[in-house]
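input.tsv follows; it contains TSV, C-alpha atoms.
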```
chain	number	residue	atom	x	y	z
A	449	MET	CA	5.67	32.40	5.89
A	450	SER	CA	9.23	31.22	6.52
A	451	SER	CA	11.93	32.40	4.12
A	452	CYS	CA	12.60	28.71	3.43
A	453	SER	CA	8.98	27.96	2.54
A	454	LEU	CA	7.89	27.62	-1.05
A	455	ASP	CA	5.11	29.82	-2.41
A	456	GLU	CA	3.09	28.73	-5.42
A	457	GLY	CA	4.73	31.19	-7.79
A	458	ARG	CA	8.20	29.95	-6.93
A	459	PHE	CA	6.94	26.36	-7.16
A	460	ARG	CA	5.87	26.92	-10.76
A	461	LEU	CA	9.16	28.61	-11.61
A	462	CYS	CA	11.15	25.69	-10.18
A	463	CYS	CA	8.95	23.26	-12.12
A	464	GLN	CA	9.57	25.20	-15.32
A	465	LEU	CA	13.33	25.04	-14.80
A	466	LEU	CA	13.18	21.31	-14.06
A	467	LEU	CA	11.15	20.76	-17.24
A	468	GLN	CA	13.75	22.59	-19.30
A	469	GLN	CA	16.50	20.39	-17.91
A	470	SER	CA	14.38	17.26	-18.30
A	471	ASP	CA	13.81	18.08	-21.98
A	472	GLN	CA	17.56	18.40	-22.51
A	473	MET	CA	18.16	15.05	-20.82
A	474	ARG	CA	15.00	13.37	-22.15
A	475	ASP	CA	14.16	12.40	-18.59
A	476	GLY	CA	10.41	12.19	-19.21
A	477	TRP	CA	8.92	14.92	-17.02
A	478	SER	CA	5.89	16.83	-18.35
A	479	TRP	CA	3.45	19.45	-17.08
A	480	GLU	CA	-0.17	18.34	-16.90
A	481	SER	CA	-2.78	21.11	-16.80
A	482	ILE	CA	-6.25	20.66	-15.34
A	483	GLN	CA	-8.92	21.54	-17.89
A	484	GLY	CA	-10.85	24.66	-16.93
A	485	SER	CA	-8.35	25.53	-14.18
A	486	GLU	CA	-4.99	27.21	-13.78
A	487	GLU	CA	-3.78	24.34	-11.62
A	488	GLY	CA	-1.48	21.60	-12.80
A	489	TYR	CA	1.28	19.20	-11.78
A	490	LEU	CA	4.52	17.61	-12.91
A	491	LYS	CA	4.21	14.05	-14.14
A	492	LYS	CA	6.62	11.25	-14.96
A	493	THR	CA	5.97	7.58	-15.76
A	494	SER	CA	8.67	4.92	-15.66
A	495	LEU	CA	9.13	1.17	-15.59
A	496	ARG	CA	11.19	-0.35	-12.78
A	497	SER	CA	12.37	-3.84	-12.01
A	498	VAL	CA	11.86	-4.24	-8.27
A	499	VAL	CA	12.56	-6.93	-5.71
A	500	THR	CA	9.59	-7.35	-3.38
A	501	ASP	CA	9.84	-8.87	0.08
A	502	THR	CA	6.58	-10.76	0.59
A	503	SER	CA	7.58	-11.90	4.09
A	504	LEU	CA	6.76	-8.45	5.47
A	505	THR	CA	3.28	-7.11	6.09
A	506	TRP	CA	2.65	-3.43	6.71
A	507	ASP	CA	0.04	-1.77	8.84
A	508	GLN	CA	-1.72	1.37	7.67
A	509	ASP	CA	0.63	3.51	9.75
A	510	GLY	CA	3.65	2.10	7.91
A	511	SER	CA	4.94	-0.17	10.69
A	512	SER	CA	6.17	-3.60	9.74
A	513	SER	CA	5.37	-7.01	11.16
A	514	GLU	CA	6.59	-10.47	10.29
A	515	SER	CA	4.07	-12.70	8.60
A	516	ASP	CA	5.75	-15.69	10.26
A	517	PRO	CA	7.57	-15.12	13.57
A	518	HIS	CA	10.02	-17.95	12.96
A	519	THR	CA	11.19	-17.36	9.42
A	520	SER	CA	10.00	-14.07	7.95
A	521	GLY	CA	12.64	-11.49	7.18
A	522	LEU	CA	15.48	-13.54	8.69
A	523	PHE	CA	17.39	-14.44	5.59
A	524	GLY	CA	18.48	-11.33	3.75
A	525	PRO	CA	21.93	-11.34	2.11
A	526	GLU	CA	23.54	-9.54	5.06
A	527	GLN	CA	22.02	-11.92	7.59
A	528	LEU	CA	23.25	-14.93	5.63
A	529	GLU	CA	26.80	-13.64	5.67
A	530	GLN	CA	26.74	-13.27	9.46
A	531	CYS	CA	24.64	-16.29	10.34
A	532	PRO	CA	26.24	-19.70	11.08
A	533	LEU	CA	25.00	-22.23	8.57
A	534	GLY	CA	22.28	-24.36	10.01
A	535	VAL	CA	19.08	-22.51	10.49
A	536	GLU	CA	15.92	-24.01	11.91
A	537	GLY	CA	12.47	-22.60	12.53
A	538	ASP	CA	9.34	-24.26	11.19
A	539	GLY	CA	11.59	-27.18	10.41
A	540	LEU	CA	14.84	-25.17	10.54
A	541	THR	CA	16.91	-24.71	13.71
A	542	MET	CA	19.83	-22.43	14.68
A	543	LYS	CA	22.99	-24.50	15.18
A	544	SER	CA	26.46	-23.35	16.08
A	545	ASP	CA	28.30	-26.29	14.57
A	546	MET	CA	27.66	-28.66	11.71
A	547	ASP	CA	29.55	-31.89	11.91
A	548	GLU	CA	28.42	-33.46	8.70
A	549	ASP	CA	28.59	-32.07	5.19
A	550	ASP	CA	25.22	-33.47	4.18
A	551	GLU	CA	23.46	-31.53	6.96
A	552	GLU	CA	25.17	-28.32	5.81
A	553	VAL	CA	24.11	-28.82	2.19
A	554	SER	CA	20.55	-29.66	3.25
A	555	THR	CA	20.33	-26.47	5.32
A	556	LEU	CA	21.61	-24.33	2.46
A	557	MET	CA	18.95	-25.74	0.17
A	558	GLU	CA	16.21	-25.03	2.72
A	559	VAL	CA	17.38	-21.45	3.23
A	560	SER	CA	17.59	-20.90	-0.53
A	561	THR	CA	14.05	-22.19	-1.00
A	562	LEU	CA	12.82	-19.96	1.81
A	563	MET	CA	14.45	-16.87	0.30
A	564	GLU	CA	12.97	-17.60	-3.13
A	565	SER	CA	9.48	-17.92	-1.63
A	566	GLU	CA	9.72	-14.59	0.22
A	567	VAL	CA	11.50	-12.45	-2.37
A	568	SER	CA	10.37	-11.98	-5.96
A	569	ASN	CA	11.41	-9.79	-8.87
A	570	GLN	CA	8.91	-8.07	-11.13
A	571	VAL	CA	8.62	-5.13	-13.52
A	572	LEU	CA	6.22	-2.41	-12.33
A	573	GLN	CA	4.98	0.86	-13.77
A	574	TYR	CA	5.37	3.91	-11.53
A	575	GLU	CA	3.50	7.14	-12.17
A	576	TYR	CA	4.79	10.15	-10.21
A	577	HIS	CA	3.03	13.49	-9.72
A	578	ILE	CA	4.50	16.57	-8.05
A	579	LEU	CA	1.88	18.97	-6.73
A	580	TYR	CA	2.00	22.12	-4.66
A	581	SER	CA	0.62	21.80	-1.12
A	582	CYS	CA	-0.90	25.08	0.06
A	583	SER	CA	-1.29	23.66	3.58
A	584	TYR	CA	2.44	23.05	4.03
A	585	GLY	CA	3.91	25.55	1.59
A	586	ALA	CA	5.88	22.71	0.02
A	587	PRO	CA	5.83	20.27	-2.89
A	588	ALA	CA	4.11	16.93	-2.41
A	589	LEU	CA	5.00	13.69	-4.18
A	590	TYR	CA	2.01	11.58	-5.20
A	591	PHE	CA	2.46	8.26	-6.99
A	592	ARG	CA	0.74	5.05	-7.96
A	593	VAL	CA	2.11	1.67	-8.97
A	594	SER	CA	0.70	-1.00	-11.25
A	595	THR	CA	1.75	-4.24	-12.88
A	596	LEU	CA	2.26	-4.46	-16.63
A	597	GLU	CA	-1.18	-6.09	-16.79
A	598	GLY	CA	-2.72	-2.95	-15.29
A	599	ARG	CA	-3.44	-4.16	-11.74
A	600	SER	CA	-2.91	-1.44	-9.14
A	601	LEU	CA	-0.75	-2.36	-6.15
A	602	SER	CA	-2.13	-2.15	-2.63
A	603	LEU	CA	-0.50	-0.12	0.13
A	604	GLU	CA	0.98	-3.30	1.60
A	605	GLU	CA	2.45	-4.27	-1.77
A	606	VAL	CA	3.93	-0.80	-2.23
A	607	TRP	CA	5.62	-1.07	1.16
A	608	SER	CA	7.11	-4.41	0.13
A	609	CYS	CA	8.74	-2.64	-2.85
A	610	VAL	CA	10.47	0.00	-0.70
A	611	HIS	CA	14.21	-0.62	-0.54
A	612	PRO	CA	15.26	-2.02	2.88
A	613	ASN	CA	17.63	0.94	3.34
A	614	PHE	CA	14.62	3.26	3.44
A	615	ARG	CA	12.09	1.11	5.28
A	616	LEU	CA	13.49	1.79	8.75
A	617	ARG	CA	13.90	5.48	7.97
A	618	LEU	CA	10.25	5.78	6.94
A	619	GLN	CA	9.06	3.63	9.82
A	620	GLN	CA	10.87	5.83	12.35
A	621	SER	CA	9.38	8.99	10.81
A	622	PRO	CA	5.63	8.27	10.78
A	623	LEU	CA	4.78	11.82	9.69
A	624	ASN	CA	6.98	11.38	6.64
A	625	THR	CA	5.70	7.96	5.70
A	626	ILE	CA	3.76	6.51	2.77
A	627	THR	CA	-0.01	6.75	3.02
A	628	GLN	CA	-2.89	6.50	0.58
A	629	GLN	CA	-5.30	9.35	-0.08
A	630	GLU	CA	-7.29	11.02	-2.82
A	631	HIS	CA	-5.37	12.97	-5.44
A	632	PRO	CA	-6.45	16.61	-4.84
A	633	LEU	CA	-6.69	17.42	-8.57
A	634	LEU	CA	-7.79	14.10	-10.08
A	635	GLY	CA	-9.96	12.69	-7.30
A	636	GLN	CA	-8.37	9.26	-7.69
A	637	PRO	CA	-6.60	7.14	-5.04
A	638	PHE	CA	-2.85	7.76	-4.95
A	639	PHE	CA	-0.02	7.13	-2.53
A	640	ILE	CA	1.77	10.11	-1.03
A	641	LEU	CA	4.93	10.85	0.92
A	642	HIS	CA	3.55	13.19	3.57
A	643	PRO	CA	5.07	16.70	3.13
A	644	CYS	CA	4.71	18.00	6.69
A	645	ARG	CA	8.44	17.71	7.48
A	646	THR	CA	9.70	19.09	4.18
A	647	GLU	CA	10.59	22.52	5.56
A	648	GLU	CA	12.50	20.87	8.41
A	649	PHE	CA	15.03	19.13	6.16
A	650	MET	CA	15.05	21.76	3.39
A	651	THR	CA	15.86	24.75	5.64
A	652	PRO	CA	19.55	23.88	6.31
A	653	VAL	CA	20.08	23.06	2.62
A	654	LEU	CA	18.66	26.38	1.45
A	655	GLN	CA	20.51	28.34	4.13
A	656	ALA	CA	23.84	26.76	3.18
A	657	ALA	CA	23.23	27.50	-0.50
A	658	ARG	CA	22.37	31.11	0.31
A	659	GLU	CA	25.56	31.54	2.36
A	660	GLN	CA	27.65	30.07	-0.46
A	661	HIS	CA	25.80	32.08	-3.14
A	662	ARG	CA	24.90	28.89	-5.01
A	663	PRO	CA	21.79	28.60	-7.18
A	664	VAL	CA	19.32	26.00	-5.95
A	665	ASN	CA	16.22	24.59	-7.60
A	666	TYR	CA	14.00	23.85	-4.61
A	667	ILE	CA	12.03	21.12	-6.45
A	668	LEU	CA	15.16	19.40	-7.74
A	669	THR	CA	16.88	19.41	-4.34
A	670	TRP	CA	13.76	18.20	-2.54
A	671	LEU	CA	13.16	15.48	-5.13
A	672	SER	CA	16.70	14.16	-4.79
A	673	VAL	CA	15.93	13.53	-1.09
A	674	VAL	CA	12.44	12.05	-1.20
A	675	GLY	CA	12.41	10.45	-4.66
A	676	PRO	CA	14.73	7.49	-3.99
A	677	MET	CA	12.49	6.37	-1.11
A	678	VAL	CA	9.86	5.38	-3.67
A	679	GLY	CA	12.13	4.37	-6.52
A	680	LEU	CA	12.46	7.76	-8.22
A	681	ASP	CA	16.15	8.50	-8.77
A	682	VAL	CA	17.35	11.93	-9.88
A	683	PRO	CA	20.23	11.76	-12.39
A	684	LEU	CA	23.37	13.61	-11.30
A	685	LYS	CA	23.40	15.40	-14.64
A	686	TYR	CA	20.68	17.69	-13.30
A	687	SER	CA	23.25	19.11	-10.91
A	688	THR	CA	25.80	19.75	-13.66
A	689	LEU	CA	23.15	21.55	-15.72
A	690	LEU	CA	22.26	23.66	-12.70
A	691	HIS	CA	25.91	24.40	-11.92
A	692	PRO	CA	27.72	24.39	-15.30
A	693	GLU	CA	31.48	24.20	-15.24
A	694	PRO	CA	33.16	27.53	-15.97
A	695	SER	CA	34.57	27.93	-19.47
A	696	PRO	CA	38.35	27.64	-19.69
A	697	PRO	CA	40.11	31.01	-19.99
A	698	SER	CA	40.95	32.11	-23.49
A	699	SER	CA	44.60	31.68	-24.48
A	700	GLU	CA	44.40	34.52	-26.95
A	701	PRO	CA	45.74	37.88	-25.80
A	702	ASP	CA	43.31	40.74	-25.46
```
As structure tokens:
Amino acid sequence: MSSCSLDEGRFRLCCQLLLQQSDQMRDGWSWESIQGSEEGYLKKTSLRSVVTDTSLTWDQDGSSSESDPHTSGLFGPEQLEQCPLGVEGDGLTMKSDMDEDDEEVSTLMEVSTLMESEVSNQVLQYEYHILYSCSYGAPALYFRVSTLEGRSLSLEEVWSCVHPNFRLRLQQSPLNTITQQEHPLLGQPFFILHPCRTEEFMTPVLQAAREQHRPVNYILTWLSVVGPMVGLDVPLKYSTLLHPEPSPPSSEPD
């Protein structure tokens, strides 16, 4: 096993340290034991207000496609800033110049209506589980998402909730993408960020920390990389608790 791999004993130790910090910060992490077994996992549940892009559909392999080739995905905030006003497709057309004010106003209203129909805001409940993967010698992040009414989201809906900054990154790394599979301890359907490339991006981090003689919590460092892809942010205070500032020198003489 590589020196940068994570064995199960070290996994549990890192989880214990994260739980201690979480308790101090009231961040909501807990350890869930499996009845009649020594196995368990970290768990956190949180509510998030997310903006979903319903214009995109996602295949099982995580690749995206436009639900409408003329309009879908064209009118994000960045595109609107760069695009000349006057957009047509399914009744809207690209124009370089607008001679009359009424045409410009009409186009703005059409674009606004289109954006509202493709993008929606809703509050969702996320449940995150961190398990140890014996196959990869690494932690694995399982999660599921539901509405406040209790309806579970489909894989396509989960993809629509992924922040645009991360969509391309996940799409270009199919082995590190979101898939759905059975939870190994609960036997229930969950989504997972595949852990097969964890050692690849963790190795330089751990090597640098070793060279600089800095303490590193493997789970915390890993989570700060993969968590934001699925809406799980790691507060910076974790880092200050891991690396406390040195106490000021005493002014009193010895």
By how many Å are CA of Phe459 in chain A and CA of Arg615 in chain A apart?
28.6 Å
Exercise: Ile667 in chain A partners within 12 Å, only C-alpha atoms, chain neighbours under 2 positions left out, as a PyMOL selection string
chain A and resi 453-456+458-467+490+578-580+586-589+646+650+654+664-665+669-675+682+686
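If only C-alpha atoms are the atoms counted, then among A:Gln655, A:Thr500, A:Ile482, A:Met677 the closest residue to Asn613 in chain A is A:Met677.
Taking CA of Ser602 in chain A and CA of Lys491 in chain A as the two end points, the separation is 20.9 Å.
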Quick one: residues within 9 Å of range 683-685 of chain A, all atoms listed in the file counted, chain neighbours fewer than 2 positions away excluded, as an mmCIF file with C-alpha atoms, keeping the file's coordinate frame?
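New file part18.cif:
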```cif
data_model
loop_
_atom_site.group_PDB
_atom_site.id
_atom_site.type_symbol
_atom_site.label_atom_id
_atom_site.label_comp_id
_atom_site.auth_asym_id
_atom_site.auth_seq_id
_atom_site.Cartn_x
_atom_site.Cartn_y
_atom_site.Cartn_z
ATOM 1 C CA MET A 473 18.160 15.050 -20.820
ATOM 2 C CA ASP A 475 14.160 12.400 -18.590
ATOM 3 C CA SER A 672 16.700 14.160 -4.790
ATOM 4 C CA ASP A 681 16.150 8.500 -8.770
ATOM 5 C CA SER A 687 23.250 19.110 -10.910
ATOM 6 C CA THR A 688 25.800 19.750 -13.660
ATOM 7 C CA LEU A 689 23.150 21.550 -15.720
ATOM 8 C CA LEU A 690 22.260 23.660 -12.700
#
```
With distances taken over only C-alpha atoms, the candidate from A:Ser594, A:Ser470, A:Ser481, A:Gln660 nearest Phe638 in chain A is A:Ser594
Which polymer residues have any atom within 12 Å of an atom of Thr595 in chain A, counting all atoms listed in the file, with same-chain residues fewer than 5 positions away left out, as a JSON list (two decimals) with C-alpha atoms, in the frame of the given file?
```
[["chain", "number", "residue", "atom", "x", "y", "z"],
["A", 494, "SER", "CA", 8.67, 4.92, -15.66],
["A", 495, "LEU", "CA", 9.13, 1.17, -15.59],
["A", 496, "ARG", "CA", 11.19, -0.35, -12.78],
["A", 497, "SER", "CA", 12.37, -3.84, -12.01],
["A", 498, "VAL", "CA", 11.86, -4.24, -8.27],
["A", 569, "ASN", "CA", 11.41, -9.79, -8.87],
["A", 570, "GLN", "CA", 8.91, -8.07, -11.13],
["A", 571, "VAL", "CA", 8.62, -5.13, -13.52],
["A", 572, "LEU", "CA", 6.22, -2.41, -12.33],
["A", 573, "GLN", "CA", 4.98, 0.86, -13.77],
["A", 574, "TYR", "CA", 5.37, 3.91, -11.53],
["A", 575, "GLU", "CA", 3.50, 7.14, -12.17],
["A", 600, "SER", "CA", -2.91, -1.44, -9.14],
["A", 601, "LEU", "CA", -0.75, -2.36, -6.15],
["A", 602, "SER", "CA", -2.13, -2.15, -2.63],
["A", 605, "GLU", "CA", 2.45, -4.27, -1.77],
["A", 606, "VAL", "CA", 3.93, -0.80, -2.23]]
```
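Nearest to Val593 in chain A of all the residues A:Tyr666, A:Trp607, A:Trp479, A:Phe649 is A:Trp607, based on only C-alpha atoms.
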Between CA of Pro637 in chain A and CA of Tyr584 in chain A - distance in Å to one decimal:
20.4 Å
Compare A:Arg617, A:Pro643, A:Ala657, A:Glu486 by their minimum atom-to-atom distance to Ser583 in chain A, counting all atoms listed in the file, and give me the closest one.
A:Pro643
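The shortest atom-to-atom distance to His577 in chain A, with all atoms listed in the file taken into account, belongs to A:Leu633 out of A:Leu668, A:Leu633, A:Ala656, A:Val499.
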Mind giving me the axis-aligned box for range 607-615 of chain A with 4 Å on every side, centre plus edges in Å to one decimal, as AutoDock Vina command-line options?
```
--center_x 11.6 --center_y -0.6 --center_z 1.2 --size_x 20.0 --size_y 15.7 --size_z 16.1
```
Which residue, A:Gly585, A:Gly457, A:Gly635, A:Gly476, has the smallest gap to Glu648 in chain A when you use only C-alpha atoms?
A:Gly585
